[in-house]
file final_30.pdb (PDB, C-alpha atoms)
ATOM      1  CA  MET V 287       1.727 -13.744 -25.424
ATOM      2  CA  ALA V 288       2.731 -11.297 -28.143
ATOM      3  CA  ALA V 289       6.243  -9.850 -28.350
ATOM      4  CA  LYS V 290       5.052  -6.588 -26.843
ATOM      5  CA  GLY V 291       3.625  -8.445 -23.837
ATOM      6  CA  ARG V 292       6.804 -10.486 -23.337
ATOM      7  CA  SER V 293       9.042  -7.405 -23.445
ATOM      8  CA  THR V 294       6.789  -5.501 -21.050
ATOM      9  CA  TRP V 295       6.750  -8.454 -18.626
ATOM     10  CA  PHE V 296      10.560  -8.616 -18.736
ATOM     11  CA  ALA V 297      10.742  -4.886 -17.978
ATOM     12  CA  LEU V 298       8.438  -5.357 -14.976
ATOM     13  CA  LEU V 299      10.592  -8.235 -13.725
ATOM     14  CA  CYS V 300      13.751  -6.132 -13.904
ATOM     15  CA  PHE V 301      12.019  -3.199 -12.180
ATOM     16  CA  ALA V 302      10.913  -5.372  -9.266
ATOM     17  CA  LEU V 303      14.091  -7.399  -8.721
ATOM     18  CA  LEU V 304      16.863  -4.884  -9.443
ATOM     19  CA  PRO V 305      16.539  -2.999  -6.130
ATOM     20  CA  VAL V 306      16.368  -6.132  -3.935
ATOM     21  CA  SER V 307      20.105  -6.258  -3.290
ATOM     22  CA  ALA V 308      19.994  -2.653  -2.098
ATOM     23  CA  THR V 309      17.700  -3.543   0.816
ATOM     24  CA  ALA V 310      20.083  -5.906   2.572
ATOM     25  CA  ASP V 311      22.049  -3.326   4.617
ATOM     26  CA  GLY V 312      19.358  -1.357   6.440
ATOM     27  CA  VAL V 313      16.087  -2.046   8.194
ATOM     28  CA  GLY V 314      13.640   0.126  10.127
ATOM     29  CA  SER V 315      12.666  -0.258  13.775
ATOM     30  CA  ARG V 316       8.981  -1.154  13.397
ATOM     31  CA  LEU V 317       7.843  -4.675  14.288
ATOM     32  CA  LEU V 318       7.840  -7.562  11.817
ATOM     33  CA  ALA V 319       4.907  -7.572   9.335
ATOM     34  CA  THR V 320       3.646  -4.105  10.382
ATOM     35  CA  GLY V 321       4.213  -2.741   6.866
ATOM     36  CA  GLY V 322       1.753  -5.198   5.354
ATOM     37  CA  VAL V 323       2.493  -6.382   1.829
ATOM     38  CA  ALA V 324       2.412  -4.736  -1.581
ATOM     39  CA  GLN V 325      -1.129  -4.198  -2.820
ATOM     40  CA  VAL V 326      -1.950  -4.695  -6.513
ATOM     41  CA  GLU V 327      -1.908  -0.914  -7.107
ATOM     42  CA  GLY V 328       1.451  -0.451  -5.370
ATOM     43  CA  THR V 329       0.613   0.828  -1.898
ATOM     44  CA  ALA V 330       1.060  -1.055   1.382
ATOM     45  CA  GLY V 331      -1.830  -3.269   2.463
ATOM     46  CA  GLY V 332      -3.199  -6.653   1.529
ATOM     47  CA  GLY V 333      -2.980  -8.000  -1.997
ATOM     48  CA  LEU V 334      -6.294  -6.439  -3.118
ATOM     49  CA  VAL V 335      -7.024  -3.735  -0.528
ATOM     50  CA  PRO V 336      -4.987  -0.743   0.719
ATOM     51  CA  TRP V 337      -4.428  -0.594   4.470
ATOM     52  CA  ALA V 338      -3.626   2.433   6.625
ATOM     53  CA  VAL V 339      -0.103   1.097   7.279
ATOM     54  CA  LEU V 340       2.851   2.528   5.373
ATOM     55  CA  ALA V 341       5.369   0.480   3.416
ATOM     56  CA  GLY V 342       8.506  -0.928   4.981
ATOM     57  CA  TYR V 343       9.681  -0.719   8.585
ATOM     58  CA  GLY V 344      10.680   2.922   9.014
ATOM     59  CA  GLN V 345       9.551   4.626  12.229
ATOM     60  CA  ASP V 346       9.775   8.349  13.131
ATOM     61  CA  LYS V 347      12.938   9.897  11.658
ATOM     62  CA  GLU V 348      13.435   6.771   9.506
ATOM     63  CA  TRP V 349      12.484   5.791   5.994
ATOM     64  CA  GLY V 350      11.594   2.432   4.504
ATOM     65  CA  GLY V 351       9.856   0.804   1.596
ATOM     66  CA  GLU V 352       9.266  -2.327  -0.403
ATOM     67  CA  PHE V 353       9.600  -3.747  -3.907
ATOM     68  CA  ALA V 354       7.389  -6.534  -5.197
ATOM     69  CA  LEU V 355       6.607  -8.706  -8.174
ATOM     70  CA  MET V 356       3.076 -10.166  -8.305
ATOM     71  CA  HIS V 357       1.444 -12.607 -10.680
ATOM     72  CA  ALA V 358      -2.185 -13.776 -10.815
ATOM     73  CA  ARG V 359      -3.567 -16.438 -13.146
ATOM     74  CA  THR V 360      -7.156 -17.418 -13.903
ATOM     75  CA  ASP V 361      -8.641 -19.608 -16.627
ATOM     76  CA  ASP V 362      -8.608 -16.782 -19.188
ATOM     77  CA  PHE V 363      -6.296 -14.027 -17.904
ATOM     78  CA  ASP V 364      -2.821 -13.397 -16.514
ATOM     79  CA  LEU V 365      -2.026 -10.279 -14.480
ATOM     80  CA  THR V 366       1.582  -9.308 -13.731
ATOM     81  CA  VAL V 367       2.428  -6.352 -11.495
ATOM     82  CA  ALA V 368       5.736  -4.789 -10.512
ATOM     83  CA  ALA V 369       5.472  -2.321  -7.645
ATOM     84  CA  GLY V 370       7.674  -0.179  -5.456
ATOM     85  CA  SER V 371       6.987   2.191  -2.573
ATOM     86  CA  VAL V 372       8.892   4.334  -0.110
ATOM     87  CA  ALA V 373       7.727   5.843   3.193
ATOM     88  CA  PHE V 374       9.188   8.712   5.205
ATOM     89  CA  ASN V 375       8.985   9.123   9.013
ATOM     90  CA  ASN V 376       6.084   6.649   9.116
ATOM     91  CA  ARG V 377       3.985   9.564   7.878
ATOM     92  CA  VAL V 378       4.016   9.764   4.065
ATOM     93  CA  GLU V 379       4.201   6.983   1.467
ATOM     94  CA  LEU V 380       4.833   7.314  -2.278
ATOM     95  CA  SER V 381       4.240   4.335  -4.558
ATOM     96  CA  ALA V 382       4.293   3.236  -8.188
ATOM     97  CA  ALA V 383       3.043   0.128  -9.958
ATOM     98  CA  ALA V 384       3.147  -1.147 -13.530
ATOM     99  CA  GLN V 385       0.373  -3.600 -14.437
ATOM    100  CA  LEU V 386       0.185  -5.930 -17.422
ATOM    101  CA  LEU V 387      -2.998  -7.911 -18.141
ATOM    102  CA  ASP V 388      -2.735 -10.644 -20.775
ATOM    103  CA  ILE V 389      -6.123 -10.925 -22.563
ATOM    104  CA  GLU V 390      -5.055 -13.145 -25.462
ATOM    105  CA  ASP V 391      -8.072 -15.486 -25.212
ATOM    106  CA  LEU V 392     -10.550 -12.602 -25.053
ATOM    107  CA  ALA V 393      -8.809 -10.786 -27.913
ATOM    108  CA  ASP V 394      -9.045 -13.891 -30.099
ATOM    109  CA  ASP V 395     -12.746 -14.371 -29.286
ATOM    110  CA  LEU V 396     -13.754 -10.758 -29.973
ATOM    111  CA  GLY V 397     -11.207  -9.766 -32.609
ATOM    112  CA  LEU V 398      -9.733  -7.046 -30.399
ATOM    113  CA  PRO V 399      -6.787  -4.928 -31.622
ATOM    114  CA  ASP V 400      -4.431  -5.855 -28.711
ATOM    115  CA  ASP V 401      -3.857  -8.977 -26.649
ATOM    116  CA  ASN V 402      -2.630  -7.198 -23.515
ATOM    117  CA  LEU V 403      -3.508  -4.133 -21.460
ATOM    118  CA  THR V 404      -1.004  -2.074 -19.500
ATOM    119  CA  GLN V 405      -1.381   0.601 -16.858
ATOM    120  CA  LEU V 406       0.812   2.836 -14.688
ATOM    121  CA  VAL V 407      -0.351   3.694 -11.154
ATOM    122  CA  LEU V 408       1.215   6.460  -9.042
ATOM    123  CA  GLY V 409       0.106   6.762  -5.441
ATOM    124  CA  ALA V 410       0.498   8.868  -2.316
ATOM    125  CA  LYS V 411      -0.712   8.043   1.207
ATOM    126  CA  VAL V 412      -0.597  10.092   4.429
ATOM    127  CA  ARG V 413      -1.022   8.746   7.957
ATOM    128  CA  LEU V 414      -3.542  11.070   9.614
ATOM    129  CA  ALA V 415      -3.966   9.671  13.126
ATOM    130  CA  GLY V 416      -3.734   6.646  15.392
ATOM    131  CA  ASP V 417      -1.423   3.671  15.490
ATOM    132  CA  LEU V 418      -1.626   0.088  14.237
ATOM    133  CA  ILE V 419      -0.790  -1.448  17.646
ATOM    134  CA  TYR V 420      -0.678   1.157  20.423
ATOM    135  CA  GLY V 421      -3.593   3.134  21.820
ATOM    136  CA  LYS V 422      -7.317   2.735  21.232
ATOM    137  CA  LEU V 423      -7.529   4.643  17.933
ATOM    138  CA  PRO V 424      -6.826   2.612  14.756
ATOM    139  CA  GLN V 425      -4.252   3.888  12.332
ATOM    140  CA  ILE V 426      -6.084   6.101   9.839
ATOM    141  CA  SER V 427      -4.609   7.098   6.479
ATOM    142  CA  ALA V 428      -5.861   8.828   3.346
ATOM    143  CA  GLY V 429      -4.542   8.130  -0.143
ATOM    144  CA  VAL V 430      -4.827   9.008  -3.791
ATOM    145  CA  GLN V 431      -3.900   6.946  -6.859
ATOM    146  CA  TYR V 432      -3.413   8.382 -10.332
ATOM    147  CA  LYS V 433      -3.890   5.743 -13.015
ATOM    148  CA  ARG V 434      -3.055   5.971 -16.694
ATOM    149  CA  ASN V 435      -4.029   3.259 -19.147
ATOM    150  CA  THR V 436      -1.338   2.988 -21.805
ATOM    151  CA  ASP V 437      -3.254   0.677 -24.193
ATOM    152  CA  PHE V 438      -6.581   2.464 -24.655
ATOM    153  CA  ASP V 439      -7.754   0.884 -27.919
ATOM    154  CA  VAL V 440      -9.425  -2.050 -26.164
ATOM    155  CA  PRO V 441     -11.020   0.016 -23.342
ATOM    156  CA  ALA V 442     -12.354   2.478 -25.918
ATOM    157  CA  HIS V 443     -13.729  -0.449 -27.919
ATOM    158  CA  ALA V 444     -15.491  -1.627 -24.732
ATOM    159  CA  GLY V 445     -17.066   1.803 -24.160
ATOM    160  CA  ALA V 446     -14.713   3.410 -21.612
ATOM    161  CA  LEU V 447     -14.697   7.213 -21.702
ATOM    162  CA  ASP V 448     -11.199   8.085 -20.447
ATOM    163  CA  ASP V 449      -7.709   6.620 -20.438
ATOM    164  CA  ASP V 450      -6.757   8.053 -17.037
ATOM    165  CA  GLY V 451      -8.339   8.863 -13.702
ATOM    166  CA  PHE V 452      -7.955   9.225  -9.947
ATOM    167  CA  ASP V 453      -8.979   6.986  -7.051
ATOM    168  CA  PHE V 454      -9.354   8.447  -3.556
ATOM    169  CA  TYR V 455      -9.532   6.349  -0.390
ATOM    170  CA  VAL V 456      -9.467   6.419   3.416
ATOM    171  CA  SER V 457      -8.334   3.366   5.415
ATOM    172  CA  ALA V 458      -8.518   2.458   9.108
ATOM    173  CA  THR V 459      -6.400  -0.487  10.295
ATOM    174  CA  LYS V 460      -5.901  -1.992  13.752
ATOM    175  CA  LEU V 461      -4.058  -4.995  15.203
ATOM    176  CA  TRP V 462      -5.830  -6.330  18.298
ATOM    177  CA  PRO V 463      -3.348  -8.374  20.432
ATOM    178  CA  GLY V 464      -4.809 -11.611  21.752
ATOM    179  CA  ALA V 465      -8.302 -10.809  20.449
ATOM    180  CA  LEU V 466      -8.960 -14.209  18.849
ATOM    181  CA  HIS V 467      -8.415 -16.901  21.473
ATOM    182  CA  GLY V 468      -4.992 -15.469  22.235
ATOM    183  CA  TYR V 469      -4.040 -14.769  18.614
ATOM    184  CA  PRO V 470      -3.616 -11.182  17.343
ATOM    185  CA  LEU V 471      -6.449 -10.089  15.038
ATOM    186  CA  LEU V 472      -5.977  -7.565  12.224
ATOM    187  CA  THR V 473      -8.930  -5.590  10.860
ATOM    188  CA  ASN V 474      -9.061  -3.036   8.060
ATOM    189  CA  VAL V 475     -11.814  -0.953   6.492
ATOM    190  CA  THR V 476     -11.231   1.106   3.339
ATOM    191  CA  VAL V 477     -13.694   3.411   1.580
ATOM    192  CA  ARG V 478     -12.747   4.297  -1.998
ATOM    193  CA  ALA V 479     -14.130   6.670  -4.617
ATOM    194  CA  SER V 480     -13.370   5.439  -8.140
ATOM    195  CA  LYS V 481     -14.433   5.438 -11.795
ATOM    196  CA  ALA V 482     -11.924   2.733 -12.744
ATOM    197  CA  ASN V 483     -13.066  -0.288 -14.761
ATOM    198  CA  GLN V 484     -11.150  -3.416 -13.659
ATOM    199  CA  LEU V 485      -8.670  -1.251 -11.713
ATOM    200  CA  GLY V 486      -8.429   1.050 -14.760
ATOM    201  CA  LEU V 487      -7.109  -1.625 -17.104
ATOM    202  CA  LEU V 488     -10.408  -1.200 -19.008
ATOM    203  CA  GLY V 489     -10.327   2.579 -18.739
ATOM    204  CA  PHE V 490     -12.493   4.915 -16.693
ATOM    205  CA  GLY V 491     -16.218   5.593 -16.799
ATOM    206  CA  GLY V 492     -18.571   4.230 -19.406
ATOM    207  CA  ASP V 493     -22.046   4.160 -20.860
ATOM    208  CA  GLN V 494     -23.540   3.098 -17.497
ATOM    209  CA  GLY V 495     -21.835   5.729 -15.364
ATOM    210  CA  ASP V 496     -19.079   8.292 -15.113
ATOM    211  CA  ASP V 497     -19.272   9.399 -11.490
ATOM    212  CA  TRP V 498     -17.065   8.646  -8.503
ATOM    213  CA  GLU V 499     -19.016   6.305  -6.288
ATOM    214  CA  PRO V 500     -18.216   5.144  -2.743
ATOM    215  CA  LEU V 501     -16.943   1.569  -2.638
ATOM    216  CA  PHE V 502     -16.309  -0.601   0.416
ATOM    217  CA  GLU V 503     -13.159  -2.672   0.858
ATOM    218  CA  GLY V 504     -12.303  -4.762   3.885
ATOM    219  CA  SER V 505      -9.664  -7.099   5.271
ATOM    220  CA  ILE V 506      -9.449  -9.361   8.281
ATOM    221  CA  GLY V 507      -6.560 -11.562   9.332
ATOM    222  CA  VAL V 508      -5.104 -13.529  12.204
ATOM    223  CA  LEU V 509      -1.415 -13.811  13.093
ATOM    224  CA  LEU V 510      -0.914 -17.546  13.481
ATOM    225  CA  ARG V 511       2.700 -16.802  14.418
ATOM    226  CA  ARG V 512       4.586 -13.531  14.528
ATOM    227  CA  ASP V 513       5.727 -14.253  10.944
ATOM    228  CA  LEU V 514       2.566 -15.825   9.458
ATOM    229  CA  LEU V 515      -0.661 -13.977   8.623
ATOM    230  CA  LEU V 516      -3.804 -15.727   7.363
ATOM    231  CA  GLY V 517      -6.452 -13.387   5.999
ATOM    232  CA  TYR V 518      -9.499 -12.637   3.863
ATOM    233  CA  GLU V 519     -10.201  -9.583   1.690
ATOM    234  CA  TYR V 520     -13.267  -8.214  -0.069
ATOM    235  CA  ARG V 521     -13.365  -5.368  -2.581
ATOM    236  CA  GLN V 522     -16.386  -3.746  -4.188
ATOM    237  CA  LYS V 523     -16.049  -2.686  -7.824
ATOM    238  CA  PRO V 524     -17.854  -0.098  -9.980
ATOM    239  CA  ASP V 525     -19.938  -1.313 -12.924
ATOM    240  CA  ASN V 526     -19.713   1.333 -15.661
ATOM    241  CA  LEU V 527     -19.695  -0.763 -18.848
ATOM    242  CA  SER V 528     -22.715  -2.511 -20.351
ATOM    243  CA  PHE V 529     -20.209  -4.477 -22.458
ATOM    244  CA  ALA V 530     -19.593  -6.768 -19.473
ATOM    245  CA  GLU V 531     -20.748  -6.783 -15.867
ATOM    246  CA  GLU V 532     -17.984  -6.054 -13.354
ATOM    247  CA  GLU V 533     -18.197  -8.037 -10.122
ATOM    248  CA  ASP V 534     -16.644  -7.646  -6.684
ATOM    249  CA  TRP V 535     -13.309  -9.275  -5.844
ATOM    250  CA  GLN V 536     -12.294 -11.395  -2.870
ATOM    251  CA  ASP V 537      -9.381 -13.534  -1.773
ATOM    252  CA  VAL V 538      -8.018 -15.757   0.982
ATOM    253  CA  PHE V 539      -4.291 -15.211   1.510
ATOM    254  CA  LEU V 540      -1.351 -16.475   3.533
ATOM    255  CA  ALA V 541       1.578 -14.084   4.032
ATOM    256  CA  TRP V 542       4.924 -15.289   5.402
ATOM    257  CA  PHE V 543       7.506 -12.837   6.798
ATOM    258  CA  PRO V 544      10.665 -14.866   7.584
ATOM    259  CA  ASN V 545      12.503 -11.599   8.289
ATOM    260  CA  LYS V 546      12.186  -7.858   7.648
ATOM    261  CA  HIS V 547      13.910  -8.103   4.274
ATOM    262  CA  PHE V 548      11.718 -10.681   2.553
ATOM    263  CA  SER V 549       8.110 -11.845   2.399
ATOM    264  CA  ILE V 550       6.002 -14.025   0.160
ATOM    265  CA  VAL V 551       2.232 -14.105  -0.263
ATOM    266  CA  GLY V 552       0.096 -16.827  -1.782
ATOM    267  CA  ALA V 553      -3.665 -16.508  -2.281
ATOM    268  CA  TRP V 554      -6.743 -17.971  -3.861
ATOM    269  CA  ALA V 555      -8.771 -15.196  -5.490
ATOM    270  CA  ASP V 556     -12.225 -14.824  -7.008
ATOM    271  CA  PHE V 557     -12.282 -11.985  -9.565
ATOM    272  CA  GLY V 558     -15.835 -12.642 -10.780
ATOM    273  CA  GLY V 559     -16.523 -11.778 -14.404
ATOM    274  CA  ILE V 560     -13.891  -9.962 -16.485
ATOM    275  CA  GLY V 561     -14.598  -8.779 -20.027
ATOM    276  CA  GLY V 562     -17.595 -11.090 -20.368
ATOM    277  CA  LYS V 563     -15.619 -14.120 -19.141
ATOM    278  CA  SER V 564     -17.422 -15.378 -16.035
ATOM    279  CA  ASP V 565     -16.107 -17.152 -12.925
ATOM    280  CA  GLN V 566     -12.525 -15.945 -13.094
ATOM    281  CA  GLU V 567     -10.958 -17.736 -10.131
ATOM    282  CA  GLY V 568      -7.340 -18.598  -9.610
ATOM    283  CA  PHE V 569      -4.184 -18.104  -7.594
ATOM    284  CA  TYR V 570      -1.756 -15.263  -7.173
ATOM    285  CA  VAL V 571       1.684 -15.065  -5.641
ATOM    286  CA  SER V 572       3.714 -12.031  -4.574
ATOM    287  CA  VAL V 573       7.424 -11.965  -3.773
ATOM    288  CA  GLU V 574       8.598  -8.875  -1.909
ATOM    289  CA  SER V 575      11.682  -7.216  -0.488
ATOM    290  CA  SER V 576      11.301  -4.642   2.322
ATOM    291  CA  PHE V 577      13.561  -2.282   4.219
TER     292      PHE V 577
END

call {"tool": "encode", "arguments": {"input": "final_30.pdb", "output": "structure tokens"}}
result
Amino acid sequence: MAAKGRSTWFALLCFALLPVSATADGVGSRLLATGGVAQVEGTAGGGLVPWAVLAGYGQDKEWGGEFALMHARTDDFDLTVAAGSVAFNNRVELSAAAQLLDIEDLADDLGLPDDNLTQLVLGAKVRLAGDLIYGKLPQISAGVQYKRNTDFDVPAHAGALDDDGFDFYVSATKLWPGALHGYPLLTNVTVRASKANQLGLLGFGGDQGDDWEPLFEGSIGVLLRRDLLLGYEYRQKPDNLSFAEEEDWQDVFLAWFPNKHFSIVGAWADFGGIGGKSDQEGFYVSVESSF
């Protein structure tokens, strides 16, 4: 990885780990694991898909949040993400994420001007109705993510039209106690409108399209124990660039919540083709601190 990539990765590491010590004194009153984990764009959810839950464990008249460092590796790419979010009164969540994609192999093959891509994501989510556990109505939230690609030379070379853009989404999430042979079952459906190529790391729009299109994202999981969640996620992707077909993402994950202050997620993920490199499969891990 080039010097720029190493220094950016170090900055992400510091961003994610510096606040961890500050979370040790306070914790919200919501139940264990009800804040989900940090999603790759910074908001609370699964690793790939936003959920309607809000970050941390704050209930009404409380605030909470989480900080996370994520890393995914495939045969040809490395993605590192540092993310943080804060939620107020279990009603509004604000989030931020810094993403670094190492594309050294692809850059060497194609003679690209940079060997990494970076992006900043700022998000806001509002709980509209319902509750994750209580009542018949699922928790329903709406969110927006503003994304700005900070290394646009490569996306422009690939045919992307813009270096920034917005994603809009609505999520419905419900935990069904005892629904699966006595085990609690979690379900989530998210509908997103997006122009982002590979989350926005390859810019926004392209020669094959520049319109927001509805995309389906879903998650399902079972609580094996109160602190252990096994799940599956699926995420549709837009396909705006003729340079390289963009394929849907999916993963199988295991999230462990030993307490309300700490969680760790491990997953096998299938990212499909990225930048003309097919069959990008690999593992990701996320280490998180919540409050």

call {"tool": "closest_atom_pairs", "arguments": {"input": "final_30.pdb", "of": "stretch 464-507 of chain V", "to": "stretch 358-375 of chain V", "cutoff": "12 Å", "atoms": "all atoms listed in the file", "output": "Markdown table"}}
result
| residue | atom | partner | partner_atom | distance |
| --- | --- | --- | --- | --- |
| V:Gln484 | CA | V:Leu365 | CA | 11.4 |
| V:Leu485 | CA | V:Leu365 | CA | 11.5 |
| V:Leu487 | CA | V:Leu365 | CA | 10.4 |

call {"tool": "write_last_selection", "arguments": {"input": "final_30.pdb", "atoms": "C-alpha atoms", "output": "PDB file, in the coordinates of the input"}}
result
ATOM      1  CA  GLN V 484     -11.150  -3.416 -13.659  1.00  0.00           C
ATOM      2  CA  LEU V 485      -8.670  -1.251 -11.713  1.00  0.00           C
ATOM      3  CA  LEU V 487      -7.109  -1.625 -17.104  1.00  0.00           C
TER       4      LEU V 487
END

call {"tool": "resolve_selection", "arguments": {"input": "final_30.pdb", "expression": "the PyMOL selection byres ((chain V and resi 402-418) around 7)", "output": "JSON, numbers by chain"}}
result
{"V": [291, 327, 329, 338, 377, 378, 379, 380, 381, 382, 383, 384, 385, 386, 387, 388, 389, 390, 400, 401, 419, 420, 421, 423, 424, 425, 426, 427, 428, 429, 430, 431, 432, 433, 434, 435, 436, 437, 459, 460, 461, 487]}

call {"tool": "closest_atom_pairs", "arguments": {"input": "final_30.pdb", "of": "stretch 312-415 of chain V", "to": "stretch 512-523 of chain V", "cutoff": "9 Å", "atoms": "all atoms listed in the file", "output": "tab-separated table"}}
result
residue	atom	partner	partner_atom	distance
V:Leu318	CA	V:Asp513	CA	7.1
V:Ala319	CA	V:Asp513	CA	6.9
V:Gly332	CA	V:Glu519	CA	7.6
V:Gly333	CA	V:Glu519	CA	8.3
V:Leu334	CA	V:Glu519	CA	6.9
V:Val335	CA	V:Arg521	CA	6.9

call {"tool": "write_last_selection", "arguments": {"input": "final_30.pdb", "atoms": "C-alpha atoms", "output": "PDB file, in the coordinates of the input"}}
result
ATOM      1  CA  LEU V 318       7.840  -7.562  11.817  1.00  0.00           C
ATOM      2  CA  ALA V 319       4.907  -7.572   9.335  1.00  0.00           C
ATOM      3  CA  GLY V 332      -3.199  -6.653   1.529  1.00  0.00           C
ATOM      4  CA  GLY V 333      -2.980  -8.000  -1.997  1.00  0.00           C
ATOM      5  CA  LEU V 334      -6.294  -6.439  -3.118  1.00  0.00           C
ATOM      6  CA  VAL V 335      -7.024  -3.735  -0.528  1.00  0.00           C
TER       7      VAL V 335
END

call {"tool": "atom_distance", "arguments": {"input": "final_30.pdb", "atom1": "atom CA of V:Trp535", "atom2": "atom CA of V:Phe557"}}
result
4.7 Å

call {"tool": "atom_distance", "arguments": {"input": "final_30.pdb", "atom1": "atom CA of V:Ala324", "atom2": "atom CA of V:Pro336"}}
result
8.7 Å

call {"tool": "atom_distance", "arguments": {"input": "final_30.pdb", "atom1": "atom CA of V:Phe539", "atom2": "atom CA of V:Ile506"}}
result
10.3 Å

call {"tool": "residues_around", "arguments": {"input": "final_30.pdb", "residues": "V:Leu447", "least_positions_apart": "3", "cutoff": "10 Å", "atoms": "all atoms listed in the file", "output": "ChimeraX atom specification"}}
result
/V:438,441-444,450,488-493,495-496,526-527

call {"tool": "axis_aligned_box", "arguments": {"input": "final_30.pdb", "around": "stretch 330-347 of chain V", "padding_each_side": "4 Å", "output": "AutoDock Vina command-line options"}}
result
--center_x 3.0 --center_y 0.9 --center_z 5.0 --size_x 28.0 --size_y 25.9 --size_z 24.2

call {"tool": "closest_residue", "arguments": {"input": "final_30.pdb", "among": "V:Val551, V:Leu510, V:Val475, V:Met356", "to": "V:Val339", "atoms": "all atoms listed in the file"}}
result
V:Val475

call {"tool": "closest_residue", "arguments": {"input": "final_30.pdb", "among": "V:Lys422, V:Val508, V:Ser572, V:Gly562", "to": "V:Gly468", "atoms": "all atoms listed in the file"}}
result
V:Val508

call {"tool": "closest_residue", "arguments": {"input": "final_30.pdb", "among": "V:Gly507, V:His547, V:Gly561, V:Ser457", "to": "V:Tyr469", "atoms": "only C-alpha atoms"}}
result
V:Gly507

call {"tool": "resolve_selection", "arguments": {"input": "final_30.pdb", "expression": "the PyMOL selection byres ((chain V and resi 554) around 10)", "output": "list in words"}}
result
Ala358, Arg359, Tyr518, Gln536, Asp537, Val538, Phe539, Leu540, Gly552, Ala553, Ala555, Asp556, Phe557, Glu567, Gly568, Phe569, Tyr570 and Val571 of chain V

call {"tool": "closest_residue", "arguments": {"input": "final_30.pdb", "among": "V:Ala479, V:Leu340, V:Ile560, V:Val326", "to": "V:Leu355", "atoms": "only C-alpha atoms"}}
result
V:Val326

call {"tool": "closest_residue", "arguments": {"input": "final_30.pdb", "among": "V:Trp337, V:Trp462, V:Phe529, V:Phe502", "to": "V:Gly445", "atoms": "only C-alpha atoms"}}
result
V:Phe529

call {"tool": "residues_around", "arguments": {"input": "final_30.pdb", "residues": "V:Gly344", "least_positions_apart": "5", "cutoff": "9 Å", "atoms": "only C-alpha atoms", "output": "ChimeraX atom specification"}}
result
/V:313-316,321,349-351,373-376,577

call {"tool": "write_last_selection", "arguments": {"input": "final_30.pdb", "atoms": "C-alpha atoms", "output": "PDB file, in the frame of the given file"}}
result
ATOM      1  CA  VAL V 313      16.087  -2.046   8.194  1.00  0.00           C
ATOM      2  CA  GLY V 314      13.640   0.126  10.127  1.00  0.00           C
ATOM      3  CA  SER V 315      12.666  -0.258  13.775  1.00  0.00           C
ATOM      4  CA  ARG V 316       8.981  -1.154  13.397  1.00  0.00           C
ATOM      5  CA  GLY V 321       4.213  -2.741   6.866  1.00  0.00           C
ATOM      6  CA  TRP V 349      12.484   5.791   5.994  1.00  0.00           C
ATOM      7  CA  GLY V 350      11.594   2.432   4.504  1.00  0.00           C
ATOM      8  CA  GLY V 351       9.856   0.804   1.596  1.00  0.00           C
ATOM      9  CA  ALA V 373       7.727   5.843   3.193  1.00  0.00           C
ATOM     10  CA  PHE V 374       9.188   8.712   5.205  1.00  0.00           C
ATOM     11  CA  ASN V 375       8.985   9.123   9.013  1.00  0.00           C
ATOM     12  CA  ASN V 376       6.084   6.649   9.116  1.00  0.00           C
ATOM     13  CA  PHE V 577      13.561  -2.282   4.219  1.00  0.00           C
TER      14      PHE V 577
END

call {"tool": "resolve_selection", "arguments": {"input": "final_30.pdb", "expression": "the PyMOL selection byres ((chain V and resi 549) around 8)", "output": "ChimeraX atom specification"}}
result
/V:323,541-548,550-551,573-576
